[in-house]
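Asker: Input structure: work.txt, which contains compact mmCIF, C-alpha atoms.
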# COMPACT_ATOMS: atom_id res chain seq x y z
CA MET I 1 16.55 -96.41 -17.66
CA ARG I 2 15.01 -98.51 -14.90
CA ILE I 3 12.57 -96.40 -12.88
CA LEU I 4 11.05 -97.30 -9.54
CA HIS I 5 7.65 -95.61 -9.78
CA VAL I 6 5.69 -95.38 -6.54
CA ASP I 7 2.12 -94.08 -6.35
CA ALA I 8 0.59 -93.20 -2.98
CA SER I 9 -2.82 -91.64 -3.63
CA ALA I 10 -5.87 -93.23 -2.05
CA LYS I 11 -7.78 -92.17 -5.17
CA ARG I 12 -7.56 -94.31 -8.28
CA GLU I 13 -8.72 -93.02 -11.66
CA ARG I 14 -9.59 -89.60 -10.19
CA SER I 15 -6.06 -89.10 -8.85
CA ASN I 16 -4.16 -86.16 -10.28
CA SER I 17 -0.81 -87.33 -8.88
CA ARG I 18 -1.19 -90.71 -10.58
CA ALA I 19 -2.10 -89.07 -13.88
CA LEU I 20 0.86 -86.69 -13.70
CA ALA I 21 3.27 -89.53 -12.97
CA ARG I 22 1.98 -91.54 -15.91
CA GLN I 23 2.37 -88.49 -18.11
CA PHE I 24 5.96 -88.03 -16.98
CA ILE I 25 6.85 -91.61 -17.89
CA GLU I 26 5.25 -91.06 -21.29
CA ASN I 27 7.21 -87.81 -21.68
CA LEU I 28 10.44 -89.74 -21.13
CA ARG I 29 9.51 -92.25 -23.80
CA LYS I 30 8.70 -89.41 -26.22
CA GLU I 31 12.19 -88.07 -25.50
CA GLY I 32 13.59 -91.39 -26.74
CA VAL I 33 14.41 -92.92 -23.36
CA ALA I 34 14.06 -96.68 -23.14
CA VAL I 35 12.11 -96.88 -19.88
CA GLU I 36 11.67 -99.99 -17.76
CA VAL I 37 9.21 -99.39 -14.91
CA ASP I 38 9.22 -101.18 -11.57
CA TYR I 39 5.82 -100.14 -10.25
CA LEU I 40 4.61 -100.05 -6.64
CA ASP I 41 1.25 -98.75 -5.45
CA VAL I 42 1.58 -98.28 -1.69
CA ALA I 43 -2.08 -97.32 -1.39
CA VAL I 44 -3.02 -100.80 -2.64
CA ASP I 45 -0.03 -102.74 -1.29
CA PRO I 46 1.14 -100.71 1.72
CA PRO I 47 4.36 -101.64 3.51
CA SER I 48 3.87 -102.70 7.10
CA HIS I 49 4.18 -100.05 9.76
CA VAL I 50 7.10 -100.36 12.14
CA THR I 51 6.55 -102.84 14.95
CA GLU I 52 8.60 -103.61 18.04
CA ALA I 53 9.90 -106.76 16.32
CA PHE I 54 10.99 -104.72 13.29
CA ALA I 55 12.76 -102.12 15.42
CA ILE I 56 14.65 -104.80 17.35
CA ALA I 57 15.60 -106.80 14.27
CA THR I 58 16.83 -103.88 12.18
CA TYR I 59 19.36 -102.83 14.82
CA HIS I 60 20.80 -106.30 15.23
CA ALA I 61 23.84 -106.99 13.09
CA GLU I 62 22.89 -109.21 10.17
CA GLN I 63 24.99 -112.12 11.37
CA ASP I 64 23.29 -111.97 14.78
CA ARG I 65 19.70 -112.08 13.53
CA SER I 66 17.53 -115.04 14.22
CA ALA I 67 15.43 -116.69 11.52
CA GLU I 68 12.42 -114.89 12.95
CA MET I 69 14.20 -111.52 12.71
CA ARG I 70 15.15 -112.20 9.10
CA ALA I 71 11.55 -113.05 8.31
CA THR I 72 10.42 -109.81 9.95
CA LEU I 73 12.78 -107.80 7.75
CA ALA I 74 12.25 -109.73 4.51
CA ALA I 75 9.73 -107.34 2.96
CA SER I 76 11.85 -104.33 3.90
CA ASP I 77 14.96 -106.01 2.47
CA ALA I 78 13.09 -106.57 -0.80
CA LEU I 79 12.05 -102.91 -0.99
CA CYS I 80 15.63 -101.78 -0.41
CA LYS I 81 16.82 -104.05 -3.21
CA ARG I 82 14.31 -102.47 -5.59
CA LEU I 83 15.78 -99.07 -4.75
CA PHE I 84 19.33 -100.15 -5.49
CA ASP I 85 18.26 -101.86 -8.72
CA ALA I 86 16.70 -98.64 -10.05
CA ASP I 87 18.41 -95.88 -12.01
CA ALA I 88 15.79 -93.32 -11.01
CA PHE I 89 12.84 -92.83 -8.67
CA VAL I 90 9.45 -91.28 -9.43
CA PHE I 91 7.37 -90.81 -6.29
CA ALA I 92 3.84 -89.46 -6.78
CA MET I 93 1.54 -88.47 -3.94
CA PRO I 94 -1.09 -86.03 -2.76
CA MET I 95 -0.55 -83.86 0.29
CA TYR I 96 -2.75 -85.04 3.15
CA ASN I 97 -3.13 -82.54 5.98
CA TRP I 98 0.13 -80.77 5.15
CA SER I 99 2.27 -83.91 4.82
CA MET I 100 2.53 -87.31 3.12
CA PRO I 101 0.04 -90.19 3.02
CA SER I 102 0.67 -92.61 5.88
CA ALA I 103 1.34 -95.45 3.43
CA PHE I 104 4.27 -93.51 1.97
CA LYS I 105 5.59 -92.78 5.46
CA ALA I 106 5.53 -96.54 6.07
CA PHE I 107 7.48 -96.93 2.81
CA ILE I 108 10.12 -94.49 4.10
CA ASP I 109 10.31 -96.34 7.42
CA ASN I 110 10.92 -99.61 5.56
CA ILE I 111 13.69 -98.26 3.34
CA THR I 112 15.59 -96.28 5.98
CA ARG I 113 17.80 -99.17 7.00
CA THR I 114 21.08 -99.07 8.84
CA ASP I 115 23.96 -100.75 6.98
CA ILE I 116 21.82 -100.94 3.85
CA THR I 117 20.53 -97.57 2.67
CA TYR I 118 22.71 -95.65 5.10
CA LYS I 119 25.90 -96.43 6.97
CA THR I 120 27.54 -94.88 10.01
CA THR I 121 31.26 -94.17 9.81
CA HIS I 122 33.70 -94.69 12.66
CA ASP I 123 33.59 -90.97 13.44
CA GLY I 124 29.79 -90.95 13.64
CA ARG I 125 28.90 -89.52 10.23
CA ILE I 126 25.86 -90.84 8.35
CA VAL I 127 26.56 -91.76 4.74
CA GLY I 128 23.54 -92.39 2.52
CA GLN I 129 23.99 -95.12 -0.06
CA LEU I 130 21.47 -94.10 -2.73
CA THR I 131 23.62 -91.49 -4.41
CA ARG I 132 23.43 -92.38 -8.11
CA GLN I 133 19.66 -92.34 -8.74
CA LYS I 134 17.74 -89.40 -10.18
CA THR I 135 14.74 -88.59 -7.98
CA LEU I 136 11.48 -86.83 -8.77
CA PHE I 137 8.63 -86.10 -6.38
CA ILE I 138 5.31 -85.30 -8.03
CA THR I 139 2.91 -83.87 -5.47
CA THR I 140 -0.60 -82.49 -5.59
CA ARG I 141 -1.89 -80.01 -3.05
CA GLY I 142 -5.44 -78.85 -2.38
CA ALA I 143 -4.34 -75.37 -1.35
CA ASP I 144 -1.72 -73.06 -2.82
CA LEU I 145 1.43 -73.43 -0.71
CA ARG I 146 3.76 -71.51 -2.99
CA PRO I 147 5.79 -68.72 -1.34
CA GLY I 148 3.75 -65.63 -0.61
CA ASN I 149 0.46 -67.46 -0.12
CA VAL I 150 -1.37 -67.71 3.20
CA PHE I 151 -0.67 -71.45 3.62
CA SER I 152 2.95 -71.42 2.45
CA SER I 153 4.34 -71.87 5.97
CA MET I 154 2.28 -75.04 6.46
CA ASP I 155 4.06 -77.17 3.89
CA ALA I 156 5.42 -80.01 6.02
CA LEU I 157 5.62 -82.36 3.03
CA THR I 158 8.55 -80.88 1.11
CA PRO I 159 11.00 -80.60 4.03
CA ALA I 160 10.05 -84.06 5.33
CA LEU I 161 10.71 -85.69 1.96
CA LYS I 162 13.98 -83.82 1.49
CA ALA I 163 15.22 -84.77 4.97
CA ALA I 164 14.21 -88.43 4.74
CA PHE I 165 15.79 -89.00 1.35
CA ARG I 166 18.89 -86.91 2.01
CA PHE I 167 19.55 -89.24 4.94
CA ILE I 168 19.75 -92.21 2.55
CA GLY I 169 21.83 -90.39 -0.04
CA VAL I 170 19.45 -88.38 -2.28
CA ASP I 171 20.92 -84.88 -2.16
CA ALA I 172 19.16 -83.12 -5.02
CA PRO I 173 15.62 -84.41 -5.57
CA GLN I 174 13.39 -82.55 -8.00
CA PHE I 175 9.85 -81.48 -7.16
CA VAL I 176 6.88 -80.77 -9.38
CA ASN I 177 3.96 -79.59 -7.27
CA ALA I 178 0.49 -79.12 -8.73
CA GLN I 179 -1.31 -76.51 -6.62
CA PRO I 180 -3.96 -75.36 -5.83
CA LEU I 181 -6.40 -78.12 -6.80
CA GLN I 182 -9.09 -79.22 -4.35
CA PHE I 183 -9.75 -75.86 -2.72
CA SER I 184 -9.87 -73.63 -5.78
CA ASP I 185 -12.07 -72.78 -8.73
CA GLN I 186 -11.85 -74.61 -12.04
CA GLU I 187 -9.72 -71.93 -13.67
CA ALA I 188 -7.10 -72.16 -10.93
CA ARG I 189 -7.11 -75.97 -11.06
CA THR I 190 -6.60 -75.98 -14.80
CA ALA I 191 -3.74 -73.49 -14.48
CA ALA I 192 -2.12 -75.58 -11.73
CA LEU I 193 -2.20 -78.74 -13.83
CA ASP I 194 -0.95 -76.88 -16.89
CA ARG I 195 2.03 -75.59 -14.90
CA ALA I 196 2.78 -79.09 -13.64
CA HIS I 197 2.59 -80.60 -17.13
CA LEU I 198 4.98 -77.97 -18.45
CA GLU I 199 7.43 -78.54 -15.60
CA LEU I 200 7.30 -82.31 -16.14
CA GLU I 201 8.13 -81.86 -19.81
CA GLY I 202 11.22 -79.92 -18.74
CA VAL I 203 12.28 -82.56 -16.21
CA ALA I 204 11.80 -85.30 -18.82
CA ALA I 205 14.09 -83.44 -21.22
CA GLN I 206 16.71 -83.10 -18.48
CA TRP I 207 16.52 -86.79 -17.61
CA ALA I 208 16.74 -87.78 -21.26
CA ALA I 209 19.94 -85.74 -21.66
CA TRP I 210 21.33 -87.32 -18.47
CA GLU I 211 20.49 -90.80 -19.76
CA ARG I 212 22.20 -90.16 -23.09
CA THR I 213 25.32 -88.96 -21.26
CA ARG I 214 25.22 -91.98 -18.96
CA ALA I 215 24.86 -94.38 -21.88
CA HIS I 216 27.72 -92.71 -23.74
CA SER I 217 29.98 -92.93 -20.68
CA ALA I 218 29.16 -96.62 -20.32
CA GLN I 219 30.05 -97.22 -23.97
CA VAL I 220 33.36 -95.40 -23.60
CA ALA I 221 34.19 -97.38 -20.46
CA THR I 222 33.65 -100.70 -22.23
CA ALA I 223 35.31 -99.71 -25.52
Kindly return the structure encoded in the file as structure tokens.
Answerer:
Amino acid sequence: MRILHVDASAKRERSNSRALARQFIENLRKEGVAVEVDYLDVAVDPPSHVTEAFAIATYHAEQDRSAEMRATLAASDALCKRLFDADAFVFAMPMYNWSMPSAFKAFIDNITRTDITYKTTHDGRIVGQLTRQKTLFITTRGADLRPGNVFSSMDALTPALKAAFRFIGVDAPQFVNAQPLQFSDQEARTAALDRAHLELEGVAAQWAAWERTRAHSAQVATA
């Protein structure tokens, strides 16, 4: 299984989202999955934010783009290729002020590409192209945004991620959210991380079963 693993936390060794993502990859290996990781750290190597030149170039048909336009889109093209080459996505990030880190938003802006990751039909429908990949979002939140808590209505991260990735074809992403962390006592933090670890073990088992089924189907098809 080839996994595109993207970290987005500004923290390094102290990052809970990074640690959880590493643990998930290890869980997959313990489940017997042969994992190949394509790793991107957008906090260290952030994609460029959208510029006027990017916006103009991306809406020109490929055959009509100048050499300068192609150069402007080259890094975005490379990111899109990494998505298509992957069998699964693991995106790990903290919640910053109710939503995603700006570096991950720049990543989304670079991979939301007309005629590449989504296409428009003749009758105006949008058809996302990334339909075969498993997708997991691992998020960490300072406050407790689970239903029934005082901040639950302020979760702008989950709907934004669902909408952005549904647009490019990801209809059923999975979420493991560790919360509350920053704004809680040590007991609550420990419980939040324990819940996340347990959920990640379950997701790893699901993905391992999916991978075995996928491998078996491939063998049957080539037999």
Asker: Counting only C-alpha atoms, what is within 8 Å of Met69 in chain I, bar same-chain residues fewer than 5 positions away, as a tab-separated table (two decimals) with C-alpha atoms, in the coordinates of the input?
Answerer:
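This went into out_22.tsv:
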chain	number	residue	atom	x	y	z
I	53	ALA	CA	9.90	-106.76	16.32
I	54	PHE	CA	10.99	-104.72	13.29
I	57	ALA	CA	15.60	-106.80	14.27
Asker: Could you check how far CA of Lys134 in chain I sits from CA of Ala88 in chain I, in Å to one decimal?
Answerer: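 Between these atoms lies a distance of 4.5 Å.
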Asker: I want to know what sits within 10 Å of Ser102 in chain I, based on all atoms listed in the file, with residues of the same chain fewer than 4 positions away left out; could you give that as a count of residues only?
Answerer: 9
Asker: If you measure from CA of Ala164 in chain I to CA of Leu198 in chain I, what distance in Å do you get, rounded to one decimal?
Answerer: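 Separating CA of Ala164 in chain I from CA of Leu198 in chain I is a distance of 27.1 Å.
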Asker: Of the residues I:Leu161, I:Ala215, I:Ala204, I:Phe175, which is the one nearest to Lys30 in chain I, using all atoms listed in the file?
Answerer: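 Smallest separation from Lys30 in chain I among the options: I:Ala204.
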Asker: Counting all atoms listed in the file, which residues of range 45-104 of chain I fall within 6 Å of range 137-142 of chain I, and what is the closest atom pair for each with its distance in Å at one decimal, ordered by chain and rising number, as a Markdown table?
Answerer:
| residue | atom | partner | partner_atom | distance |
| --- | --- | --- | --- | --- |
| I:Phe91 | CA | I:Phe137 | CA | 4.9 |
| I:Ala92 | CA | I:Ile138 | CA | 4.6 |
| I:Met93 | CA | I:Thr139 | CA | 5.0 |
| I:Pro94 | CA | I:Thr140 | CA | 4.6 |
| I:Met95 | CA | I:Arg141 | CA | 5.3 |
Asker: Do you have the CA of Gln23 in chain I-CA of Leu200 in chain I distance handy?
Answerer: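 So the answer is 8.1 Å.
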Asker: Counting only C-alpha atoms, figure out which residue out of I:Ala188, I:Ile56, I:Asp7, I:Thr135 gets nearest to Glu68 in chain I.
Answerer: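 Among the listed residues, the smallest separation from Glu68 in chain I belongs to I:Ile56.
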Asker: Which polymer residues, whether protein, DNA or RNA, lie within 8 Å of the coordinate (9.5, -104.7, 3.5) when you count all atoms listed in the file? List them as number ranges by chain, using the chain letters and numbers from the file.
Answerer: I: 47-48, 73-80, 110-111
Asker: I'd like to know which of I:Ile168, I:Ala21, I:Ala196, I:Val44 is closest to Thr120 in chain I, using only C-alpha atoms.
Answerer: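 Between I:Ile168, I:Ala21, I:Ala196, I:Val44, the residue approaching Thr120 in chain I most closely is I:Ile168.
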Asker: Compile the contact shell of Phe84 in chain I as a ChimeraX atom specification: residues with an atom at most 10 Å away, counting all atoms listed in the file, same-chain residues fewer than 2 positions apart removed.
Answerer: /I:4,79-82,86-88,116-117,129-133
Asker: Under the rule that all atoms listed in the file are counted, which of I:Val170, I:Phe89, I:Leu181, I:Tyr118 is the nearest residue to Asp38 in chain I?
Answerer: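 Of I:Val170, I:Phe89, I:Leu181, I:Tyr118, the one nearest Asp38 in chain I is I:Phe89, counting all atoms listed in the file.
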Asker: Taking into account only C-alpha atoms, which residue in the set I:Ala218, I:Val203, I:Leu145, I:Ala163 is nearest to Phe183 in chain I?
Answerer: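 Ranking I:Ala218, I:Val203, I:Leu145, I:Ala163 by distance to Phe183 in chain I, first place goes to I:Leu145.
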